[in-house]
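For reference, coords.cif is printed below; it contains mmCIF, C-alpha atoms and all ligand atoms.
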```cif
data_upload
#
loop_
_atom_site.label_atom_id
_atom_site.label_comp_id
_atom_site.auth_asym_id
_atom_site.auth_seq_id
_atom_site.Cartn_x
_atom_site.Cartn_y
_atom_site.Cartn_z
CA MET Y 1087 128.47 96.29 171.11
CA ASN Y 1088 131.95 96.23 172.71
CA GLY Y 1089 133.12 93.40 170.48
CA LYS Y 1090 130.19 91.19 171.45
CA LYS Y 1091 129.11 88.65 168.86
CA LEU Y 1092 125.47 88.42 167.84
CA GLY Y 1093 123.74 85.16 166.93
CA PHE Y 1094 120.45 84.30 165.26
CA ILE Y 1095 118.66 80.98 165.54
CA GLY Y 1096 116.17 81.02 162.68
CA THR Y 1097 116.78 83.07 159.55
CA GLY Y 1098 113.28 83.12 158.10
CA LYS Y 1099 111.38 86.30 157.45
CA MET Y 1100 112.06 88.08 160.75
CA GLY Y 1101 115.56 86.75 161.41
CA SER Y 1102 116.67 87.75 157.89
CA SER Y 1103 114.98 91.12 158.21
CA LEU Y 1104 116.90 91.89 161.41
CA ILE Y 1105 120.21 90.67 159.98
CA LYS Y 1106 119.74 92.79 156.85
CA GLY Y 1107 118.79 95.89 158.87
CA ILE Y 1108 121.68 95.47 161.30
CA CYS Y 1109 124.23 94.89 158.52
CA ASP Y 1110 122.92 97.74 156.34
CA THR Y 1111 123.11 100.20 159.24
CA GLU Y 1112 126.59 98.82 160.11
CA MET Y 1113 125.56 98.44 163.76
CA ILE Y 1114 127.50 95.17 163.77
CA PRO Y 1115 129.68 93.92 160.89
CA GLY Y 1116 128.56 90.71 159.19
CA SER Y 1117 131.75 89.02 160.36
CA GLU Y 1118 130.51 89.38 163.98
CA ILE Y 1119 127.11 87.84 163.22
CA TYR Y 1120 126.43 84.10 163.38
CA ALA Y 1121 123.23 82.43 162.22
CA SER Y 1122 121.73 78.97 162.12
CA ASP Y 1123 118.64 77.56 160.47
CA VAL Y 1124 117.41 74.21 159.24
CA PHE Y 1125 116.86 75.83 155.85
CA GLU Y 1126 120.24 76.20 154.17
CA SER Y 1127 119.28 78.42 151.28
CA TYR Y 1128 118.35 81.37 153.58
CA LEU Y 1129 121.69 80.96 155.33
CA ASN Y 1130 123.63 80.89 152.08
CA GLU Y 1131 121.90 84.02 150.81
CA LEU Y 1132 122.73 85.90 154.03
CA HIS Y 1133 126.32 84.67 153.96
CA ASP Y 1134 126.75 85.76 150.34
CA GLU Y 1135 125.15 89.18 150.88
CA PHE Y 1136 126.53 90.19 154.29
CA GLY Y 1137 129.44 87.83 155.00
CA ILE Y 1138 127.81 86.45 158.15
CA ASN Y 1139 128.92 83.11 159.66
CA ILE Y 1140 126.43 80.32 159.12
CA SER Y 1141 125.67 76.83 160.39
CA THR Y 1142 122.83 74.35 160.31
CA ASP Y 1143 123.60 73.49 163.96
CA ASN Y 1144 122.05 75.86 166.52
CA MET Y 1145 124.68 74.82 169.06
CA ASP Y 1146 127.39 76.45 166.93
CA VAL Y 1147 125.62 79.80 167.21
CA VAL Y 1148 125.21 79.50 170.97
CA ARG Y 1149 128.86 78.51 171.44
CA ASP Y 1150 130.26 81.25 169.19
CA THR Y 1151 128.21 84.25 170.35
CA ASP Y 1152 127.39 86.38 173.39
CA ILE Y 1153 123.89 87.56 172.48
CA ILE Y 1154 121.52 85.15 170.75
CA VAL Y 1155 118.24 86.10 169.05
CA LEU Y 1156 115.71 83.28 168.96
CA ALA Y 1157 113.82 83.87 165.71
CA VAL Y 1158 111.95 80.59 165.30
CA LYS Y 1159 108.18 80.06 165.36
CA PRO Y 1160 106.59 80.14 168.84
CA GLN Y 1161 105.39 76.55 168.34
CA ILE Y 1162 108.95 75.18 168.17
CA LEU Y 1163 110.66 77.53 170.62
CA LYS Y 1164 110.45 75.07 173.50
CA SER Y 1165 112.17 72.29 171.59
CA VAL Y 1166 114.92 74.66 170.42
CA LEU Y 1167 115.44 75.83 174.02
CA SER Y 1168 115.71 72.31 175.37
CA HIS Y 1169 118.26 71.47 172.67
CA ILE Y 1170 120.53 74.46 173.41
CA ARG Y 1171 119.98 74.51 177.21
CA GLU Y 1172 123.36 73.06 178.23
CA GLU Y 1173 125.35 75.60 176.17
CA VAL Y 1174 123.41 78.63 177.42
CA THR Y 1175 125.60 79.74 180.32
CA THR Y 1176 124.88 82.82 182.41
CA ASP Y 1177 127.47 84.88 180.51
CA LYS Y 1178 125.17 84.74 177.46
CA LEU Y 1179 122.10 86.85 176.79
CA LEU Y 1180 119.08 85.32 175.04
CA ILE Y 1181 116.57 87.44 173.14
CA SER Y 1182 113.24 85.90 172.17
CA ILE Y 1183 111.13 87.55 169.48
CA ALA Y 1184 108.49 84.79 169.54
CA ALA Y 1185 104.92 86.06 169.60
CA GLY Y 1186 103.04 85.21 172.77
CA VAL Y 1187 105.69 83.14 174.54
CA GLN Y 1188 106.18 84.53 178.02
CA LEU Y 1189 109.49 85.19 179.74
CA ASP Y 1190 108.86 82.74 182.57
CA ALA Y 1191 108.05 79.97 180.06
CA ILE Y 1192 111.42 80.64 178.38
CA GLU Y 1193 113.35 80.99 181.63
CA ASN Y 1194 111.86 77.74 182.95
CA GLU Y 1195 113.32 75.83 179.99
CA LEU Y 1196 116.82 77.15 180.74
CA LYS Y 1197 119.32 76.92 183.58
CA PRO Y 1198 118.56 79.04 186.65
CA GLY Y 1199 119.97 82.55 186.29
CA THR Y 1200 119.86 82.63 182.49
CA ARG Y 1201 119.50 86.19 181.18
CA VAL Y 1202 116.54 86.56 178.83
CA VAL Y 1203 114.95 89.59 177.16
CA ARG Y 1204 111.71 89.40 175.21
CA VAL Y 1205 111.34 91.65 172.16
CA MET Y 1206 108.54 92.22 169.68
CA PRO Y 1207 110.03 93.85 166.58
CA ASN Y 1208 108.42 94.13 163.17
CA ILE Y 1209 109.31 93.35 159.59
CA ALA Y 1210 110.27 96.96 158.83
CA ALA Y 1211 113.64 96.16 160.45
CA THR Y 1212 114.59 95.31 156.85
CA VAL Y 1213 114.60 99.03 156.07
CA ALA Y 1214 115.69 100.14 159.57
CA GLU Y 1215 112.19 101.41 160.40
CA ALA Y 1216 110.99 98.74 162.82
CA ALA Y 1217 108.94 99.51 165.90
CA SER Y 1218 110.22 97.25 168.70
CA ALA Y 1219 109.13 96.81 172.29
CA ILE Y 1220 111.36 95.18 174.90
CA SER Y 1221 110.65 93.44 178.22
CA PRO Y 1222 113.68 92.30 180.23
CA GLY Y 1223 113.42 89.02 182.13
CA LYS Y 1224 114.12 88.57 185.85
CA ASN Y 1225 117.85 87.84 185.41
CA ALA Y 1226 118.56 90.47 182.74
CA THR Y 1227 120.69 93.39 183.88
CA VAL Y 1228 120.27 97.10 183.11
CA GLU Y 1229 123.23 96.72 180.71
CA ASP Y 1230 121.39 93.86 178.97
CA ALA Y 1231 118.30 96.02 178.49
CA ASP Y 1232 120.49 98.85 177.16
CA ALA Y 1233 122.26 96.50 174.74
CA VAL Y 1234 118.93 95.19 173.43
CA LEU Y 1235 117.55 98.73 173.10
CA ALA Y 1236 120.67 99.63 171.10
CA ILE Y 1237 120.46 96.60 168.79
CA PHE Y 1238 116.78 97.09 167.98
CA GLY Y 1239 117.15 100.89 168.05
CA SER Y 1240 119.67 100.54 165.22
CA VAL Y 1241 116.90 99.18 162.99
CA GLY Y 1242 114.12 101.56 164.02
CA SER Y 1243 112.71 102.76 167.31
CA SER Y 1244 112.71 100.65 170.45
CA LEU Y 1245 111.14 101.16 173.84
CA ILE Y 1246 110.68 99.20 177.06
CA VAL Y 1247 107.20 97.97 178.05
CA PRO Y 1248 106.03 95.82 180.95
CA GLU Y 1249 105.65 92.24 179.80
CA HIS Y 1250 101.87 92.12 180.29
CA LEU Y 1251 101.58 94.60 177.38
CA MET Y 1252 103.56 92.47 174.93
CA ASP Y 1253 100.41 90.90 173.44
CA ALA Y 1254 99.05 94.38 172.76
CA VAL Y 1255 102.34 95.35 171.10
CA THR Y 1256 102.26 92.18 169.02
CA GLY Y 1257 98.74 92.96 167.76
CA LEU Y 1258 99.58 96.59 167.05
CA SER Y 1259 103.13 97.00 165.76
CA GLY Y 1260 104.23 93.36 165.38
CA SER Y 1261 101.37 92.47 163.07
CA GLY Y 1262 100.63 96.05 162.01
CA PRO Y 1263 102.68 96.17 158.78
CA ALA Y 1264 100.33 93.51 157.37
CA PHE Y 1265 97.37 95.78 158.12
CA ILE Y 1266 98.96 98.71 156.29
CA PHE Y 1267 100.27 96.95 153.16
CA PRO Y 1268 96.71 96.20 151.96
CA VAL Y 1269 95.78 99.84 152.67
CA ILE Y 1270 98.58 100.95 150.36
CA GLU Y 1271 97.54 98.41 147.74
CA ALA Y 1272 93.88 99.41 147.98
CA MET Y 1273 94.63 103.15 147.79
CA ALA Y 1274 96.76 102.45 144.73
CA ASP Y 1275 93.84 100.46 143.28
CA GLY Y 1276 91.71 103.56 143.67
CA GLY Y 1277 94.31 105.57 141.78
CA VAL Y 1278 94.42 102.94 139.03
CA PHE Y 1279 90.61 103.02 138.87
CA GLU Y 1280 90.91 106.73 138.22
CA GLY Y 1281 93.50 106.22 135.47
CA LEU Y 1282 96.94 106.28 137.12
CA ASP Y 1283 99.45 103.65 136.05
CA ARG Y 1284 100.07 100.94 138.69
CA SER Y 1285 103.63 101.81 139.61
CA SER Y 1286 102.95 105.55 139.97
CA ALA Y 1287 99.87 104.75 142.05
CA ILE Y 1288 101.86 102.50 144.43
CA VAL Y 1289 104.60 105.10 144.86
CA LEU Y 1290 102.04 107.84 145.55
CA ALA Y 1291 100.12 105.66 148.02
CA ALA Y 1292 103.24 104.43 149.89
CA GLN Y 1293 104.79 107.90 150.08
CA THR Y 1294 101.45 109.24 151.38
CA VAL Y 1295 101.39 106.65 154.18
CA MET Y 1296 105.04 107.31 155.03
CA GLY Y 1297 104.53 111.10 155.01
CA ALA Y 1298 101.45 110.85 157.22
CA ALA Y 1299 103.33 108.62 159.68
CA LYS Y 1300 106.30 110.98 159.73
CA MET Y 1301 104.02 113.94 160.47
CA VAL Y 1302 102.52 112.12 163.45
CA LEU Y 1303 105.97 111.26 164.79
CA GLU Y 1304 107.68 114.58 164.09
CA THR Y 1305 104.97 117.16 164.84
CA GLU Y 1306 103.68 115.22 167.85
CA MET Y 1307 100.26 116.59 166.95
CA HIS Y 1308 97.21 114.39 167.50
CA PRO Y 1309 96.35 112.40 164.33
CA GLY Y 1310 92.84 113.92 164.43
CA GLN Y 1311 94.29 117.44 164.30
CA LEU Y 1312 96.48 116.45 161.36
CA LYS Y 1313 93.45 114.96 159.58
CA ASP Y 1314 91.62 118.27 160.08
CA MET Y 1315 94.52 120.09 158.37
CA VAL Y 1316 93.81 118.13 155.17
CA THR Y 1317 90.02 118.33 155.12
CA SER Y 1318 88.97 121.62 153.52
CA PRO Y 1319 85.33 122.52 154.22
CA GLY Y 1320 83.20 121.24 151.34
CA GLY Y 1321 86.37 119.91 149.71
CA THR Y 1322 87.56 116.57 148.37
CA THR Y 1323 89.01 114.96 151.48
CA ILE Y 1324 85.91 115.10 153.67
CA ARG Y 1325 84.01 113.18 150.97
CA GLY Y 1326 86.58 110.38 151.23
CA VAL Y 1327 86.64 110.50 155.03
CA HIS Y 1328 82.85 110.17 155.03
CA VAL Y 1329 83.05 107.01 152.90
CA LEU Y 1330 85.66 105.51 155.24
CA GLU Y 1331 83.55 106.28 158.31
CA GLU Y 1332 80.46 104.75 156.64
CA SER Y 1333 82.55 101.62 155.96
CA GLY Y 1334 83.44 101.30 159.64
CA VAL Y 1335 87.13 101.60 158.91
CA ARG Y 1336 88.09 102.65 162.45
CA ALA Y 1337 86.29 99.72 164.06
CA ALA Y 1338 87.86 97.40 161.48
CA PHE Y 1339 91.40 98.53 162.37
CA MET Y 1340 90.71 98.42 166.10
CA ASN Y 1341 89.26 94.92 165.77
CA ALA Y 1342 92.25 93.78 163.71
CA VAL Y 1343 94.66 94.87 166.46
CA ILE Y 1344 92.46 93.27 169.15
CA ALA Y 1345 92.16 89.98 167.20
CA ALA Y 1346 95.92 89.80 166.65
CA SER Y 1347 96.58 90.59 170.33
CA ASN Y 1348 94.16 87.83 171.35
CA ARG Y 1349 95.97 85.37 169.09
CA SER Y 1350 99.25 86.36 170.75
CA LYS Y 1351 97.66 85.55 174.14
CA GLU Y 1352 96.51 82.17 172.77
CA LEU Y 1353 100.03 81.36 171.53
CA GLY Y 1354 101.30 81.89 175.07
CA ASN Y 1355 98.88 79.34 176.54
N1 LIG Y 1401 107.30 87.72 160.52
C1 LIG Y 1401 107.14 88.80 161.28
O1 LIG Y 1401 106.76 89.88 160.77
C2 LIG Y 1401 107.41 88.74 162.74
C3 LIG Y 1401 107.72 87.56 163.38
N2 LIG Y 1401 107.98 87.55 164.73
C4 LIG Y 1401 108.35 86.29 165.39
O2 LIG Y 1401 109.57 85.87 164.82
C5 LIG Y 1401 109.66 84.46 164.84
C6 LIG Y 1401 110.00 83.95 163.44
O3 LIG Y 1401 108.94 84.30 162.59
P1 LIG Y 1401 109.15 84.30 161.01
O4 LIG Y 1401 110.52 84.78 160.69
O5 LIG Y 1401 107.97 84.98 160.44
O6 LIG Y 1401 109.06 82.73 160.72
P2 LIG Y 1401 109.79 81.90 159.58
O7 LIG Y 1401 109.10 80.59 159.52
O8 LIG Y 1401 109.89 82.73 158.34
O9 LIG Y 1401 111.27 81.72 160.15
C7 LIG Y 1401 111.63 80.75 161.09
C8 LIG Y 1401 112.85 80.02 160.55
O10 LIG Y 1401 113.29 79.10 161.53
C9 LIG Y 1401 113.59 77.89 160.85
N3 LIG Y 1401 113.57 76.77 161.78
C10 LIG Y 1401 112.61 75.82 161.98
N4 LIG Y 1401 113.02 74.95 162.92
C11 LIG Y 1401 114.25 75.36 163.32
C12 LIG Y 1401 115.18 74.84 164.26
N5 LIG Y 1401 114.93 73.77 165.01
N6 LIG Y 1401 116.35 75.49 164.40
C13 LIG Y 1401 116.64 76.59 163.66
N7 LIG Y 1401 115.79 77.12 162.76
C14 LIG Y 1401 114.62 76.51 162.59
C15 LIG Y 1401 112.50 77.81 159.81
O11 LIG Y 1401 112.82 76.84 158.82
P3 LIG Y 1401 111.57 76.06 158.09
O12 LIG Y 1401 110.82 77.13 157.35
O13 LIG Y 1401 112.23 75.08 157.22
O14 LIG Y 1401 110.75 75.45 159.21
C16 LIG Y 1401 112.53 79.23 159.28
O15 LIG Y 1401 113.56 79.43 158.34
C17 LIG Y 1401 108.32 83.95 165.35
O16 LIG Y 1401 108.43 83.53 166.68
C18 LIG Y 1401 107.39 85.13 165.21
O17 LIG Y 1401 106.39 85.14 166.21
C19 LIG Y 1401 107.99 88.70 165.48
C20 LIG Y 1401 107.69 89.89 164.89
C21 LIG Y 1401 107.34 90.01 163.49
O1 LIG Y 1402 101.90 86.70 162.58
C1 LIG Y 1402 102.65 86.40 163.51
O2 LIG Y 1402 102.33 85.51 164.33
C2 LIG Y 1402 103.96 87.13 163.68
C3 LIG Y 1402 104.04 87.83 165.01
C4 LIG Y 1402 103.91 89.28 164.72
C5 LIG Y 1402 104.01 89.35 163.28
N1 LIG Y 1402 104.07 88.18 162.73
#
```
Could the structure of this file be written out as structure tokens, please?
Ligand SMILES: NC(=O)C1=CN([C@@H]2O[C@H](COP(=O)(O)OP(=O)(O)OC[C@H]3O[C@@H](n4cnc5c(N)ncnc54)[C@H](OP(=O)(O)O)[C@@H]3O)[C@@H](O)[C@H]2O)C=CC1
Ligand SMILES: O=C(O)[C@@H]1CCC=N1
Amino acid sequence: MNGKKLGFIGTGKMGSSLIKGICDTEMIPGSEIYASDVFESYLNELHDEFGINISTDNMDVVRDTDIIVLAVKPQILKSVLSHIREEVTTDKLLISIAAGVQLDAIENELKPGTRVVRVMPNIAATVAEAASAISPGKNATVEDADAVLAIFGSVGSSLIVPEHLMDAVTGLSGSGPAFIFPVIEAMADGGVFEGLDRSSAIVLAAQTVMGAAKMVLETEMHPGQLKDMVTSPGGTTIRGVHVLEESGVRAAFMNAVIAASNRSKELGN
């Protein structure tokens, strides 16, 4: 980070998750991180745990830092931008993680030339396993994009996408953890139904999801091929796969991603 200071406006679920991931991976020391929120108790917890600098005034964060992550709800982003506008000089870099809000809408609220990058991370930043997509704005430099890739890469994997695909990313990987947590819970329920104790069932289900994901990422084999490796002819797995197909599970997951992407588009309007 070349001594650059990182700021967060909003330390709710996603802001805190990023701060925790970044501090745990030691990408940036807590002493170089500044955060503001209207909700003091989140700030105090983060200060106590990671030694970050805190304030209830967003202007302090803008003044004291070089790169500022806007981690407030999309519905209030505009009012936060108009409040900080005068302090956001062109030597600063703004990162918005707000679902749906387009780069030009952000840039139009700020002084001409302001450098903005839009990012869609996910909550797994907490454990440094986020999937993040990045779209640089019209004034962002190559170095800005590299810095943002490095910050979000430190808490998972990060890649650049054209902005028109950000709603798709939001529906898939931004919202996606919430589609998988109930899968883990439901698989564990099945194990409990069959007699396993709850905590063993959750560990087995979560490790199974993590292992399957790791195989997709590390073998680079098609998920269908990997599924075939588990399904012995006339065996146990194909019986379960049949039940899932009868339940329309694939259409349900596709429709969940599409519905979430559509909501992201709505938030941008
Ligand atoms: N949660 C997630 O998994 C993901 C969220 N995002 C995006 O991240 C952003 C934040 O979401 P999330 O963390 O879930 O939301 P939260 O509501 O948990 O966090 C937002 C925080 O901002 C605070 N806040 C409200 N007004 C202001 C203000 N004027 N100045 C400073 N802070 C303020 C809120 O306080 P209070 O609660 O008192 O209003 C809250 O603590 C959203 O834009 C969302 O689209 C992106 C990817 C994943
Ligand atoms: O639900 C939401 O709107 C946010 C954006 C992606 C994940 N959470």
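In this structure, atom CA of Y:Ile1153 sits 5.9 Å away from atom CA of Y:Leu1180.
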Give me the chain Y side of the contact with ligand LIG 1401 (chain Y), cut-off 7 Å, one line per residue showing its nearest atom pair and distance in Å at one decimal, counting only C-alpha atoms and all ligand atoms, sorted by chain and residue number, as CSV.
```
residue,atom,partner,partner_atom,distance
Y:Ile1095,CA,Y:LIG1401,C13,5.2
Y:Gly1096,CA,Y:LIG1401,O10,3.6
Y:Thr1097,CA,Y:LIG1401,O15,5.0
Y:Gly1098,CA,Y:LIG1401,O9,3.2
Y:Lys1099,CA,Y:LIG1401,O4,3.7
Y:Met1100,CA,Y:LIG1401,O4,3.6
Y:Gly1101,CA,Y:LIG1401,O4,5.5
Y:Ser1122,CA,Y:LIG1401,C13,5.8
Y:Asp1123,CA,Y:LIG1401,N7,3.7
Y:Val1124,CA,Y:LIG1401,N7,4.8
Y:Phe1125,CA,Y:LIG1401,O13,4.9
Y:Asn1144,CA,Y:LIG1401,N6,6.1
Y:Ala1157,CA,Y:LIG1401,C5,4.3
Y:Val1158,CA,Y:LIG1401,C7,4.2
Y:Lys1159,CA,Y:LIG1401,O16,3.7
Y:Pro1160,CA,Y:LIG1401,O16,4.4
Y:Ile1162,CA,Y:LIG1401,N4,6.6
Y:Val1166,CA,Y:LIG1401,N5,5.5
Y:Ile1183,CA,Y:LIG1401,C4,5.1
Y:Ala1184,CA,Y:LIG1401,O16,3.1
Y:Ala1185,CA,Y:LIG1401,O17,3.8
Y:Met1206,CA,Y:LIG1401,C20,5.4
Y:Pro1207,CA,Y:LIG1401,C20,4.9
Y:Asn1208,CA,Y:LIG1401,C21,4.3
Y:Ile1209,CA,Y:LIG1401,O1,4.5
Y:Gly1260,CA,Y:LIG1401,C20,4.9
Y:Ser1261,CA,Y:LIG1401,O1,6.4
```
For a quick check of your reading of the model, name the residues lying within 7 Å of the coordinate (125.5, 76.1, 154.4), counting only C-alpha atoms, and write them as a PyMOL selection string. chain Y and resi 1126+1129-1130+1140-1142
At a cut-off of 12 Å, using all atoms listed in the file, what residues contact Y:Thr1227? Leave out same-chain residues fewer than 2 positions from it and give the result as a PDB file with C-alpha atoms, in the coordinates of the input.
```
ATOM      1  CA  THR Y1176     124.880  82.820 182.410  1.00  0.00           C
ATOM      2  CA  ASP Y1177     127.470  84.880 180.510  1.00  0.00           C
ATOM      3  CA  LYS Y1178     125.170  84.740 177.460  1.00  0.00           C
ATOM      4  CA  LEU Y1179     122.100  86.850 176.790  1.00  0.00           C
ATOM      5  CA  GLY Y1199     119.970  82.550 186.290  1.00  0.00           C
ATOM      6  CA  THR Y1200     119.860  82.630 182.490  1.00  0.00           C
ATOM      7  CA  ARG Y1201     119.500  86.190 181.180  1.00  0.00           C
ATOM      8  CA  VAL Y1202     116.540  86.560 178.830  1.00  0.00           C
ATOM      9  CA  VAL Y1203     114.950  89.590 177.160  1.00  0.00           C
ATOM     10  CA  SER Y1221     110.650  93.440 178.220  1.00  0.00           C
ATOM     11  CA  PRO Y1222     113.680  92.300 180.230  1.00  0.00           C
ATOM     12  CA  GLY Y1223     113.420  89.020 182.130  1.00  0.00           C
ATOM     13  CA  LYS Y1224     114.120  88.570 185.850  1.00  0.00           C
ATOM     14  CA  ASN Y1225     117.850  87.840 185.410  1.00  0.00           C
ATOM     15  CA  GLU Y1229     123.230  96.720 180.710  1.00  0.00           C
ATOM     16  CA  ASP Y1230     121.390  93.860 178.970  1.00  0.00           C
ATOM     17  CA  ALA Y1231     118.300  96.020 178.490  1.00  0.00           C
ATOM     18  CA  ASP Y1232     120.490  98.850 177.160  1.00  0.00           C
ATOM     19  CA  ALA Y1233     122.260  96.500 174.740  1.00  0.00           C
ATOM     20  CA  VAL Y1234     118.930  95.190 173.430  1.00  0.00           C
TER      21      VAL Y1234
END
```
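Across Y:Asp1190, Y:Glu1131, Y:Asp1253, Y:Glu1118, the tightest approach to ligand LIG 1402 (chain Y) is made by Y:Asp1253 when counting only C-alpha atoms and all ligand atoms.
Closest approach to Y:Glu1249 among Y:Arg1284, Y:Lys1106, Y:Lys1164, Y:Lys1351: Y:Lys1351, based on only C-alpha atoms.
When atom CA of Y:Ile1114 is paired with atom CA of Y:Ser1259, their separation reads 24.5 Å.
What separates atom CA of Y:Gln1161 from atom CA of Y:Cys1109 is a distance of 28.1 Å.
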From the list Y:Val1255, Y:Glu1112, Y:Thr1305, Y:Glu1271, the nearest residue to Y:Val1289 using all atoms listed in the file is Y:Glu1271
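The shortest atom-to-atom distance to ligand LIG 1402 (chain Y), with all atoms listed in the file taken into account, belongs to Y:Ala1264 out of Y:Ala1272, Y:Ile1220, Y:Ala1236, Y:Ala1264.
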For Y:Val1269: contacts at 10 Å, only C-alpha atoms, fewer than 5 positions along chain excluded, given as a ChimeraX atom specification: /Y:1263-1264,1274-1275,1291-1292,1295
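The closest residue to Y:Arg1149, picked from Y:Ala1346, Y:Leu1189, Y:His1133, Y:Gly1093 and counting all atoms listed in the file, is Y:Gly1093.
Checking Y:Met1145, Y:Val1205, Y:Met1340, Y:Leu1167 one by one against ligand LIG 1402 (chain Y), counting only C-alpha atoms and all ligand atoms, you find the shortest gap at Y:Val1205.
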Put a box with edges along x, y and z around all the listed atoms of ligand LIG 1402 (chain Y), pad it by 5 Å on each side, then give me its centre and sizes in Å, one decimal, as AutoDock Vina command-line options.
```
--center_x 103.0 --center_y 87.4 --center_z 163.8 --size_x 12.2 --size_y 13.8 --size_z 12.4
```
Please return as a PyMOL selection string every residue within 9 Å of (119.8, 91.4, 160.8), taking into account all atoms listed in the file and the file's own coordinates. chain Y and resi 1094+1097+1100-1110+1116+1119+1211-1212+1241
